[in-house]
Amino acid sequence: MRTRLVLAWTSAVTAALAVAAAAGPVAASPAARGSAAPTARCPQLSDELPWYGDNRARLQRVIDERGSCHGRGGPRPVAAFDWDNTITKNDVTDANISWSLRHDKILRPARWKDTSKWLTDTADKALTEACGTDVAVGAPLPTSTDARCADEILQIREDGTTMSGEAAFAGEWNHRRTVPQYAWVPQLFAGHTVPELRAYTAAARTEALAAPVGATRTVGTHVLPAYVRYYEQQRDLVRTLQKAGFDVWIVSAGSEPVTEVWSRGIGIDRAHTVAIRSVLDRKGRITTRNEGCGGTGVTEGEAIPYIDGKRCWINQEIYGIKGRAAWNRQAPERRITLGGGDADTDVTFVGDATGAHLVLNRNKNEVMCRAYDNADGRWVVNPMFIEPLPRRTTAYPCATAAYTEPEGGFGPVRRGDGSVVPDQRDTVY
């Protein structure tokens, strides 16, 4: 009797397996997706590319549970990444400025104050004295040989100060929606066409990818990184997300034509690349005005993809949320699944992600406070994949001075319930 029962059970199992095989692979249960065994239909992150700790497994779990491999259908999940120092090592905007200064691609404005609504009289004077007035308005400045002019431009771009140390920008702006020296970069290329700027970027990209890791270059008296590299781990992550059915976007505070040239290198097209969008004149030339977000209309840099501005641009461009509502955190079904960044400029949109918040550790206060506090258990911290920073020796000042206030200055970082995040130690390096 027992033998007949065993035979009957074996026959039933064999038949069930045959039916399952004919129907194709079956998505694993949530419990199985969290286990070490991969599901049959889930694209896998490469196990040959090193990640810190169990970060690869944690990201893979999000892919398994939220991607097309779960077999449940529904809208495509969205992943969004910052660009500079998140997808690449080093800043591609800086690489483009460096190349442009060394090839005389900055055109002389009629007045330097016309390039930014916040540029101070002091900065206007410093730039005028450094770059001179011998060159005709609209003609290229000889920055390849004029170190003084190149220096003044680089100093204002990097630190928002003149070479003499005085503030280059002044006035009022929302410090969680813009920063003048970031907005100033595409404004510097006013008078050029978008194809011209893309061509400069392509040349700068070729140069930066060819330079050896660790190489530097001196422009004026500024010593700048000469190389850029795509992080292979991030390239693999983007590719795997796309194969798993994710809609993958880049959201950067750089100039959009510049970012577009670089994003193609990881398989992200222009339609999925969001950065500072310059308004063009009737001849297709870049102006000093930008497209706005969240009901701001055309601006002079007041609403760029920067801190809360990145959330606004994601809501507006990806989810179609218009007007002031685009500045607000949305319901989970209208938020990204995975967000990746490296700096305080990314903290809002990365924090909006419902599946994982990936942060490359560059010792930036607000984003690292939130990452180490790990309030929802979904923050994934990784050292930079190339030339990672050493451990920070002092605690992040989360309880007092890590949050960028909209009106300027710094305050405590608070959780969603209003409680203050305590100071955090650097533990992933």
# chains A, B, ... in the order shown; residues from 1 in each chain; ligands from 1
>>> residues_around(residues="A:Gln424", least_positions_apart="6", cutoff="7 Å", atoms="only C-alpha atoms", output="list in words")
Cys369, Tyr372, Ala395, Tyr396 and Cys398 of chain A
>>> residues_around(residues="A:Thr161", least_positions_apart="3", cutoff="12 Å", atoms="only C-alpha atoms", output="list in words")
Leu119, Thr120, Thr122, Ala123, Asp124, Ala126, Leu127, Asp151, Glu152, Ile153, Leu154, Gln155, Ile156, Arg157, Glu158, Ser164, Gly165, Glu166, Ala167, Ala168, Phe169, Ala170, Pro180 and Gln181 of chain A
>>> write_last_selection(atoms="C-alpha atoms", output="PDB file, in the first residue's frame")
ATOM      1  CA  LEU A 119      27.070  88.020 -10.306  1.00  0.00           C
ATOM      2  CA  THR A 120      28.491  90.754  -8.080  1.00  0.00           C
ATOM      3  CA  THR A 122      33.262  92.775  -7.756  1.00  0.00           C
ATOM      4  CA  ALA A 123      33.192  89.621  -9.882  1.00  0.00           C
ATOM      5  CA  ASP A 124      32.189  91.604 -12.952  1.00  0.00           C
ATOM      6  CA  ALA A 126      37.547  90.960 -11.750  1.00  0.00           C
ATOM      7  CA  LEU A 127      36.494  89.144 -14.928  1.00  0.00           C
ATOM      8  CA  ASP A 151      41.949  81.399 -13.503  1.00  0.00           C
ATOM      9  CA  GLU A 152      39.190  83.888 -12.756  1.00  0.00           C
ATOM     10  CA  ILE A 153      36.577  81.803 -14.584  1.00  0.00           C
ATOM     11  CA  LEU A 154      37.664  78.574 -12.871  1.00  0.00           C
ATOM     12  CA  GLN A 155      37.735  80.137  -9.420  1.00  0.00           C
ATOM     13  CA  ILE A 156      34.211  81.492  -9.752  1.00  0.00           C
ATOM     14  CA  ARG A 157      32.976  78.146 -11.092  1.00  0.00           C
ATOM     15  CA  GLU A 158      34.651  76.122  -8.324  1.00  0.00           C
ATOM     16  CA  SER A 164      41.049  87.689  -4.557  1.00  0.00           C
ATOM     17  CA  GLY A 165      38.651  85.717  -2.333  1.00  0.00           C
ATOM     18  CA  GLU A 166      35.582  87.960  -2.567  1.00  0.00           C
ATOM     19  CA  ALA A 167      32.061  86.645  -3.152  1.00  0.00           C
ATOM     20  CA  ALA A 168      31.259  86.285  -6.847  1.00  0.00           C
ATOM     21  CA  PHE A 169      27.504  85.894  -6.338  1.00  0.00           C
ATOM     22  CA  ALA A 170      25.074  87.734  -4.101  1.00  0.00           C
ATOM     23  CA  PRO A 180      24.600  80.285  -8.917  1.00  0.00           C
ATOM     24  CA  GLN A 181      27.976  78.833  -9.911  1.00  0.00           C
TER      25      GLN A 181
END
>>> residues_around(residues="A:Gly320", least_positions_apart="4", cutoff="12 Å", atoms="only C-alpha atoms", output="count of residues only")
12
>>> closest_residue(among="A:Ala244, A:Ala130, A:Val359, A:Ala202", to="A:Ile63", atoms="only C-alpha atoms")
A:Ala244
>>> atom_distance(atom1="atom CA of A:Val92", atom2="atom CA of A:Ala210")
13.7 Å
>>> residues_around(residues="A:Trp99", least_positions_apart="4", cutoff="7 Å", atoms="only C-alpha atoms", output="list in words")
Ala95, His103 and Ala204 of chain A
>>> select_by_dssp(residues="stretch 170-392 of chain A", states="strand (DSSP E)", output="ChimeraX atom specification")
/A:216-219,222-225,229-230,247-255,273-276,278-280,286-290,338-341,356-361,379-383
>>> select_by_dssp(residues="stretch 174-352 of chain A", states="helix (DSSP H, G or I)", output="PDB file with N, CA and C atoms, in the first residue's frame")
ATOM      1  N   PRO A 180      24.257  79.475  -7.749  1.00  0.00           N
ATOM      2  CA  PRO A 180      24.600  80.285  -8.917  1.00  0.00           C
ATOM      3  C   PRO A 180      25.773  79.776  -9.741  1.00  0.00           C
ATOM      4  N   GLN A 181      26.835  79.256  -9.099  1.00  0.00           N
ATOM      5  CA  GLN A 181      27.976  78.833  -9.911  1.00  0.00           C
ATOM      6  C   GLN A 181      27.686  77.597 -10.740  1.00  0.00           C
ATOM      7  N   TYR A 182      26.708  76.760 -10.335  1.00  0.00           N
ATOM      8  CA  TYR A 182      26.286  75.645 -11.175  1.00  0.00           C
ATOM      9  C   TYR A 182      25.484  76.164 -12.368  1.00  0.00           C
ATOM     10  N   ALA A 183      24.547  77.067 -12.098  1.00  0.00           N
ATOM     11  CA  ALA A 183      23.734  77.643 -13.168  1.00  0.00           C
ATOM     12  C   ALA A 183      24.587  78.442 -14.145  1.00  0.00           C
ATOM     13  N   TRP A 184      25.718  78.959 -13.660  1.00  0.00           N
ATOM     14  CA  TRP A 184      26.594  79.806 -14.476  1.00  0.00           C
ATOM     15  C   TRP A 184      27.286  79.029 -15.585  1.00  0.00           C
ATOM     16  N   VAL A 185      27.474  77.718 -15.407  1.00  0.00           N
ATOM     17  CA  VAL A 185      28.246  76.946 -16.389  1.00  0.00           C
ATOM     18  C   VAL A 185      27.597  76.975 -17.772  1.00  0.00           C
ATOM     19  N   PRO A 186      26.328  76.570 -17.935  1.00  0.00           N
ATOM     20  CA  PRO A 186      25.752  76.683 -19.282  1.00  0.00           C
ATOM     21  C   PRO A 186      25.630  78.127 -19.753  1.00  0.00           C
ATOM     22  N   GLN A 187      25.510  79.062 -18.812  1.00  0.00           N
ATOM     23  CA  GLN A 187      25.444  80.476 -19.191  1.00  0.00           C
ATOM     24  C   GLN A 187      26.763  80.953 -19.797  1.00  0.00           C
ATOM     25  N   LEU A 188      27.867  80.336 -19.397  1.00  0.00           N
ATOM     26  CA  LEU A 188      29.168  80.679 -19.974  1.00  0.00           C
ATOM     27  C   LEU A 188      29.243  80.356 -21.460  1.00  0.00           C
ATOM     28  N   VAL A 194      23.841  74.224 -29.644  1.00  0.00           N
ATOM     29  CA  VAL A 194      23.899  72.943 -28.941  1.00  0.00           C
ATOM     30  C   VAL A 194      24.821  71.961 -29.664  1.00  0.00           C
ATOM     31  N   PRO A 195      24.770  71.826 -30.997  1.00  0.00           N
ATOM     32  CA  PRO A 195      25.719  70.930 -31.657  1.00  0.00           C
ATOM     33  C   PRO A 195      27.178  71.306 -31.413  1.00  0.00           C
ATOM     34  N   GLU A 196      27.467  72.597 -31.344  1.00  0.00           N
ATOM     35  CA  GLU A 196      28.844  73.011 -31.052  1.00  0.00           C
ATOM     36  C   GLU A 196      29.251  72.545 -29.654  1.00  0.00           C
ATOM     37  N   LEU A 197      28.366  72.750 -28.678  1.00  0.00           N
ATOM     38  CA  LEU A 197      28.700  72.349 -27.313  1.00  0.00           C
ATOM     39  C   LEU A 197      28.859  70.833 -27.224  1.00  0.00           C
ATOM     40  N   ARG A 198      28.029  70.096 -27.931  1.00  0.00           N
ATOM     41  CA  ARG A 198      28.187  68.638 -27.944  1.00  0.00           C
ATOM     42  C   ARG A 198      29.522  68.236 -28.560  1.00  0.00           C
ATOM     43  N   ALA A 199      29.944  68.946 -29.596  1.00  0.00           N
ATOM     44  CA  ALA A 199      31.226  68.635 -30.233  1.00  0.00           C
ATOM     45  C   ALA A 199      32.386  68.896 -29.271  1.00  0.00           C
ATOM     46  N   TYR A 200      32.336  70.002 -28.538  1.00  0.00           N
ATOM     47  CA  TYR A 200      33.379  70.278 -27.549  1.00  0.00           C
ATOM     48  C   TYR A 200      33.404  69.181 -26.487  1.00  0.00           C
ATOM     49  N   THR A 201      32.212  68.752 -26.078  1.00  0.00           N
ATOM     50  CA  THR A 201      32.117  67.723 -25.049  1.00  0.00           C
ATOM     51  C   THR A 201      32.679  66.398 -25.539  1.00  0.00           C
ATOM     52  N   ALA A 202      32.393  66.059 -26.784  1.00  0.00           N
ATOM     53  CA  ALA A 202      32.910  64.813 -27.348  1.00  0.00           C
ATOM     54  C   ALA A 202      34.435  64.820 -27.371  1.00  0.00           C
ATOM     55  N   ALA A 203      35.024  65.959 -27.729  1.00  0.00           N
ATOM     56  CA  ALA A 203      36.490  66.061 -27.738  1.00  0.00           C
ATOM     57  C   ALA A 203      37.052  65.969 -26.328  1.00  0.00           C
ATOM     58  N   ALA A 204      36.388  66.641 -25.378  1.00  0.00           N
ATOM     59  CA  ALA A 204      36.829  66.581 -23.978  1.00  0.00           C
ATOM     60  C   ALA A 204      36.691  65.168 -23.429  1.00  0.00           C
ATOM     61  N   ARG A 205      35.629  64.475 -23.814  1.00  0.00           N
ATOM     62  CA  ARG A 205      35.412  63.103 -23.352  1.00  0.00           C
ATOM     63  C   ARG A 205      36.520  62.188 -23.849  1.00  0.00           C
ATOM     64  N   THR A 206      36.843  62.284 -25.124  1.00  0.00           N
ATOM     65  CA  THR A 206      37.920  61.451 -25.688  1.00  0.00           C
ATOM     66  C   THR A 206      39.225  61.682 -24.944  1.00  0.00           C
ATOM     67  N   GLU A 207      39.523  62.940 -24.674  1.00  0.00           N
ATOM     68  CA  GLU A 207      40.753  63.299 -23.965  1.00  0.00           C
ATOM     69  C   GLU A 207      40.751  62.751 -22.546  1.00  0.00           C
ATOM     70  N   ALA A 208      39.642  62.922 -21.841  1.00  0.00           N
ATOM     71  CA  ALA A 208      39.574  62.520 -20.438  1.00  0.00           C
ATOM     72  C   ALA A 208      39.610  61.002 -20.266  1.00  0.00           C
ATOM     73  N   LEU A 209      38.999  60.274 -21.187  1.00  0.00           N
ATOM     74  CA  LEU A 209      39.017  58.814 -21.095  1.00  0.00           C
ATOM     75  C   LEU A 209      40.389  58.250 -21.438  1.00  0.00           C
ATOM     76  N   ALA A 210      41.154  58.981 -22.241  1.00  0.00           N
ATOM     77  CA  ALA A 210      42.497  58.520 -22.622  1.00  0.00           C
ATOM     78  C   ALA A 210      43.543  58.810 -21.552  1.00  0.00           C
ATOM     79  N   GLU A 232      32.635  50.855 -13.786  1.00  0.00           N
ATOM     80  CA  GLU A 232      32.128  49.633 -14.393  1.00  0.00           C
ATOM     81  C   GLU A 232      30.978  49.035 -13.582  1.00  0.00           C
ATOM     82  N   GLN A 233      31.015  49.186 -12.267  1.00  0.00           N
ATOM     83  CA  GLN A 233      29.910  48.690 -11.432  1.00  0.00           C
ATOM     84  C   GLN A 233      28.608  49.413 -11.769  1.00  0.00           C
ATOM     85  N   GLN A 234      28.711  50.720 -12.005  1.00  0.00           N
ATOM     86  CA  GLN A 234      27.507  51.490 -12.312  1.00  0.00           C
ATOM     87  C   GLN A 234      27.022  51.206 -13.733  1.00  0.00           C
ATOM     88  N   ARG A 235      27.948  51.027 -14.647  1.00  0.00           N
ATOM     89  CA  ARG A 235      27.560  50.644 -16.005  1.00  0.00           C
ATOM     90  C   ARG A 235      26.809  49.311 -15.985  1.00  0.00           C
ATOM     91  N   ASP A 236      27.328  48.364 -15.191  1.00  0.00           N
ATOM     92  CA  ASP A 236      26.689  47.052 -15.058  1.00  0.00           C
ATOM     93  C   ASP A 236      25.332  47.167 -14.381  1.00  0.00           C
ATOM     94  N   LEU A 237      25.239  48.037 -13.375  1.00  0.00           N
ATOM     95  CA  LEU A 237      23.969  48.230 -12.676  1.00  0.00           C
ATOM     96  C   LEU A 237      22.923  48.800 -13.622  1.00  0.00           C
ATOM     97  N   VAL A 238      23.286  49.813 -14.387  1.00  0.00           N
ATOM     98  CA  VAL A 238      22.342  50.410 -15.334  1.00  0.00           C
ATOM     99  C   VAL A 238      21.901  49.381 -16.361  1.00  0.00           C
ATOM    100  N   ARG A 239      22.850  48.635 -16.919  1.00  0.00           N
ATOM    101  CA  ARG A 239      22.524  47.628 -17.925  1.00  0.00           C
ATOM    102  C   ARG A 239      21.591  46.555 -17.354  1.00  0.00           C
ATOM    103  N   THR A 240      21.865  46.113 -16.140  1.00  0.00           N
ATOM    104  CA  THR A 240      21.046  45.074 -15.522  1.00  0.00           C
ATOM    105  C   THR A 240      19.644  45.590 -15.221  1.00  0.00           C
ATOM    106  N   LEU A 241      19.554  46.823 -14.744  1.00  0.00           N
ATOM    107  CA  LEU A 241      18.245  47.426 -14.492  1.00  0.00           C
ATOM    108  C   LEU A 241      17.434  47.504 -15.780  1.00  0.00           C
ATOM    109  N   GLN A 242      18.060  47.928 -16.855  1.00  0.00           N
ATOM    110  CA  GLN A 242      17.350  48.034 -18.126  1.00  0.00           C
ATOM    111  C   GLN A 242      16.867  46.665 -18.599  1.00  0.00           C
ATOM    112  N   LYS A 243      17.719  45.653 -18.472  1.00  0.00           N
ATOM    113  CA  LYS A 243      17.320  44.301 -18.871  1.00  0.00           C
ATOM    114  C   LYS A 243      16.169  43.782 -18.007  1.00  0.00           C
ATOM    115  N   GLU A 256      22.790  70.170 -19.972  1.00  0.00           N
ATOM    116  CA  GLU A 256      22.172  68.989 -20.588  1.00  0.00           C
ATOM    117  C   GLU A 256      22.913  68.486 -21.827  1.00  0.00           C
ATOM    118  N   PRO A 257      23.344  69.333 -22.770  1.00  0.00           N
ATOM    119  CA  PRO A 257      24.079  68.789 -23.917  1.00  0.00           C
ATOM    120  C   PRO A 257      25.359  68.073 -23.514  1.00  0.00           C
ATOM    121  N   VAL A 258      26.022  68.556 -22.472  1.00  0.00           N
ATOM    122  CA  VAL A 258      27.242  67.907 -21.990  1.00  0.00           C
ATOM    123  C   VAL A 258      26.925  66.535 -21.410  1.00  0.00           C
ATOM    124  N   THR A 259      25.920  66.477 -20.554  1.00  0.00           N
ATOM    125  CA  THR A 259      25.554  65.209 -19.920  1.00  0.00           C
ATOM    126  C   THR A 259      25.073  64.201 -20.950  1.00  0.00           C
ATOM    127  N   GLU A 260      24.356  64.657 -21.973  1.00  0.00           N
ATOM    128  CA  GLU A 260      23.847  63.753 -23.001  1.00  0.00           C
ATOM    129  C   GLU A 260      24.958  63.025 -23.735  1.00  0.00           C
ATOM    130  N   VAL A 261      26.043  63.729 -24.014  1.00  0.00           N
ATOM    131  CA  VAL A 261      27.164  63.094 -24.717  1.00  0.00           C
ATOM    132  C   VAL A 261      27.734  61.949 -23.883  1.00  0.00           C
ATOM    133  N   TRP A 262      27.851  62.166 -22.595  1.00  0.00           N
ATOM    134  CA  TRP A 262      28.422  61.151 -21.716  1.00  0.00           C
ATOM    135  C   TRP A 262      27.431  60.021 -21.433  1.00  0.00           C
ATOM    136  N   SER A 263      26.151  60.330 -21.288  1.00  0.00           N
ATOM    137  CA  SER A 263      25.189  59.299 -20.911  1.00  0.00           C
ATOM    138  C   SER A 263      25.024  58.236 -21.993  1.00  0.00           C
ATOM    139  N   ARG A 264      25.292  58.595 -23.233  1.00  0.00           N
ATOM    140  CA  ARG A 264      25.229  57.595 -24.305  1.00  0.00           C
ATOM    141  C   ARG A 264      26.195  56.442 -24.042  1.00  0.00           C
ATOM    142  N   GLY A 265      27.278  56.730 -23.336  1.00  0.00           N
ATOM    143  CA  GLY A 265      28.286  55.709 -23.070  1.00  0.00           C
ATOM    144  C   GLY A 265      27.824  54.600 -22.148  1.00  0.00           C
ATOM    145  N   ILE A 266      26.677  54.778 -21.481  1.00  0.00           N
ATOM    146  CA  ILE A 266      26.125  53.694 -20.667  1.00  0.00           C
ATOM    147  C   ILE A 266      24.738  53.298 -21.167  1.00  0.00           C
ATOM    148  N   ARG A 270      19.133  60.612 -25.023  1.00  0.00           N
ATOM    149  CA  ARG A 270      18.829  62.002 -24.668  1.00  0.00           C
ATOM    150  C   ARG A 270      17.472  62.128 -24.001  1.00  0.00           C
ATOM    151  N   ALA A 271      16.521  61.312 -24.440  1.00  0.00           N
ATOM    152  CA  ALA A 271      15.167  61.400 -23.888  1.00  0.00           C
ATOM    153  C   ALA A 271      15.127  61.035 -22.418  1.00  0.00           C
ATOM    154  N   HIS A 272      16.145  60.317 -21.935  1.00  0.00           N
ATOM    155  CA  HIS A 272      16.207  59.900 -20.534  1.00  0.00           C
ATOM    156  C   HIS A 272      17.314  60.633 -19.770  1.00  0.00           C
ATOM    157  N   ASP A 308      16.407  69.873  -3.916  1.00  0.00           N
ATOM    158  CA  ASP A 308      14.966  69.698  -4.122  1.00  0.00           C
ATOM    159  C   ASP A 308      14.587  69.867  -5.592  1.00  0.00           C
ATOM    160  N   GLY A 309      15.409  70.598  -6.340  1.00  0.00           N
ATOM    161  CA  GLY A 309      15.166  70.760  -7.764  1.00  0.00           C
ATOM    162  C   GLY A 309      15.230  69.445  -8.527  1.00  0.00           C
ATOM    163  N   LYS A 310      16.046  68.504  -8.066  1.00  0.00           N
ATOM    164  CA  LYS A 310      16.098  67.209  -8.753  1.00  0.00           C
ATOM    165  C   LYS A 310      14.784  66.449  -8.575  1.00  0.00           C
ATOM    166  N   ARG A 311      14.198  66.538  -7.398  1.00  0.00           N
ATOM    167  CA  ARG A 311      12.873  65.942  -7.216  1.00  0.00           C
ATOM    168  C   ARG A 311      11.875  66.580  -8.175  1.00  0.00           C
ATOM    169  N   CYS A 312      11.902  67.907  -8.271  1.00  0.00           N
ATOM    170  CA  CYS A 312      10.966  68.617  -9.136  1.00  0.00           C
ATOM    171  C   CYS A 312      11.098  68.151 -10.581  1.00  0.00           C
ATOM    172  N   TRP A 313      12.317  68.065 -11.081  1.00  0.00           N
ATOM    173  CA  TRP A 313      12.524  67.678 -12.465  1.00  0.00           C
ATOM    174  C   TRP A 313      12.127  66.228 -12.696  1.00  0.00           C
ATOM    175  N   ILE A 314      12.362  65.351 -11.732  1.00  0.00           N
ATOM    176  CA  ILE A 314      11.916  63.958 -11.855  1.00  0.00           C
ATOM    177  C   ILE A 314      10.396  63.898 -11.907  1.00  0.00           C
ATOM    178  N   ASN A 315       9.738  64.599 -10.991  1.00  0.00           N
ATOM    179  CA  ASN A 315       8.277  64.596 -10.982  1.00  0.00           C
ATOM    180  C   ASN A 315       7.706  65.161 -12.283  1.00  0.00           C
ATOM    181  N   GLN A 316       8.319  66.209 -12.764  1.00  0.00           N
ATOM    182  CA  GLN A 316       7.810  66.877 -13.964  1.00  0.00           C
ATOM    183  C   GLN A 316       8.092  66.077 -15.232  1.00  0.00           C
ATOM    184  N   GLU A 317       9.337  65.625 -15.403  1.00  0.00           N
ATOM    185  CA  GLU A 317       9.739  65.005 -16.662  1.00  0.00           C
ATOM    186  C   GLU A 317       9.394  63.524 -16.735  1.00  0.00           C
ATOM    187  N   GLY A 323       3.245  72.150 -12.408  1.00  0.00           N
ATOM    188  CA  GLY A 323       2.985  73.203 -11.436  1.00  0.00           C
ATOM    189  C   GLY A 323       3.697  72.963 -10.117  1.00  0.00           C
ATOM    190  N   ARG A 324       3.239  73.668  -9.088  1.00  0.00           N
ATOM    191  CA  ARG A 324       3.919  73.637  -7.794  1.00  0.00           C
ATOM    192  C   ARG A 324       3.924  72.260  -7.150  1.00  0.00           C
ATOM    193  N   ALA A 325       2.990  71.407  -7.547  1.00  0.00           N
ATOM    194  CA  ALA A 325       2.942  70.057  -6.981  1.00  0.00           C
ATOM    195  C   ALA A 325       4.214  69.270  -7.281  1.00  0.00           C
ATOM    196  N   ALA A 326       4.936  69.657  -8.322  1.00  0.00           N
ATOM    197  CA  ALA A 326       6.157  68.929  -8.687  1.00  0.00           C
ATOM    198  C   ALA A 326       7.255  69.067  -7.633  1.00  0.00           C
ATOM    199  N   TRP A 327       7.141  70.047  -6.758  1.00  0.00           N
ATOM    200  CA  TRP A 327       8.144  70.210  -5.701  1.00  0.00           C
ATOM    201  C   TRP A 327       7.883  69.262  -4.523  1.00  0.00           C
ATOM    202  N   PRO A 332       3.962  56.720  -3.047  1.00  0.00           N
ATOM    203  CA  PRO A 332       4.964  55.728  -3.468  1.00  0.00           C
ATOM    204  C   PRO A 332       4.837  55.279  -4.912  1.00  0.00           C
ATOM    205  N   GLU A 333       3.626  55.133  -5.420  1.00  0.00           N
ATOM    206  CA  GLU A 333       3.456  54.663  -6.790  1.00  0.00           C
ATOM    207  C   GLU A 333       3.897  55.691  -7.823  1.00  0.00           C
ATOM    208  N   ARG A 334       4.158  56.928  -7.397  1.00  0.00           N
ATOM    209  CA  ARG A 334       4.646  57.965  -8.306  1.00  0.00           C
ATOM    210  C   ARG A 334       6.029  58.441  -7.877  1.00  0.00           C
ATOM    211  N   ASP A 344      25.222  66.049  -1.440  1.00  0.00           N
ATOM    212  CA  ASP A 344      24.025  66.693  -0.901  1.00  0.00           C
ATOM    213  C   ASP A 344      23.095  67.171  -2.008  1.00  0.00           C
ATOM    214  N   THR A 345      23.632  67.438  -3.188  1.00  0.00           N
ATOM    215  CA  THR A 345      22.800  67.848  -4.316  1.00  0.00           C
ATOM    216  C   THR A 345      21.805  66.756  -4.714  1.00  0.00           C
ATOM    217  N   ASP A 346      22.053  65.519  -4.274  1.00  0.00           N
ATOM    218  CA  ASP A 346      21.221  64.375  -4.660  1.00  0.00           C
ATOM    219  C   ASP A 346      20.316  63.880  -3.537  1.00  0.00           C
ATOM    220  N   VAL A 347      20.445  64.445  -2.356  1.00  0.00           N
ATOM    221  CA  VAL A 347      19.838  63.830  -1.171  1.00  0.00           C
ATOM    222  C   VAL A 347      18.323  63.711  -1.258  1.00  0.00           C
ATOM    223  N   THR A 348      17.637  64.669  -1.855  1.00  0.00           N
ATOM    224  CA  THR A 348      16.178  64.632  -1.867  1.00  0.00           C
ATOM    225  C   THR A 348      15.651  63.530  -2.775  1.00  0.00           C
ATOM    226  N   PHE A 349      16.122  63.478  -4.017  1.00  0.00           N
ATOM    227  CA  PHE A 349      15.556  62.469  -4.923  1.00  0.00           C
ATOM    228  C   PHE A 349      16.008  61.060  -4.552  1.00  0.00           C
ATOM    229  N   VAL A 350      17.241  60.917  -4.077  1.00  0.00           N
ATOM    230  CA  VAL A 350      17.698  59.592  -3.639  1.00  0.00           C
ATOM    231  C   VAL A 350      16.861  59.129  -2.447  1.00  0.00           C
ATOM    232  N   GLY A 351      16.540  60.059  -1.541  1.00  0.00           N
ATOM    233  CA  GLY A 351      15.713  59.731  -0.397  1.00  0.00           C
ATOM    234  C   GLY A 351      14.279  59.400  -0.768  1.00  0.00           C
ATOM    235  N   ASP A 352      13.808  59.857  -1.932  1.00  0.00           N
ATOM    236  CA  ASP A 352      12.451  59.570  -2.384  1.00  0.00           C
ATOM    237  C   ASP A 352      12.281  58.130  -2.867  1.00  0.00           C
TER     238      ASP A 352
END
>>> closest_residue(among="A:Ala190, A:Ala331, A:Ala399, A:Ile318", to="A:Leu280", atoms="only C-alpha atoms")
A:Ala190
>>> closest_residue(among="A:Gly220, A:Pro212, A:Glu366, A:Gln60", to="A:Asp47", atoms="only C-alpha atoms")
A:Gln60
>>> atom_distance(atom1="atom CA of A:Lys105", atom2="atom CA of A:Phe189")
8.0 Å
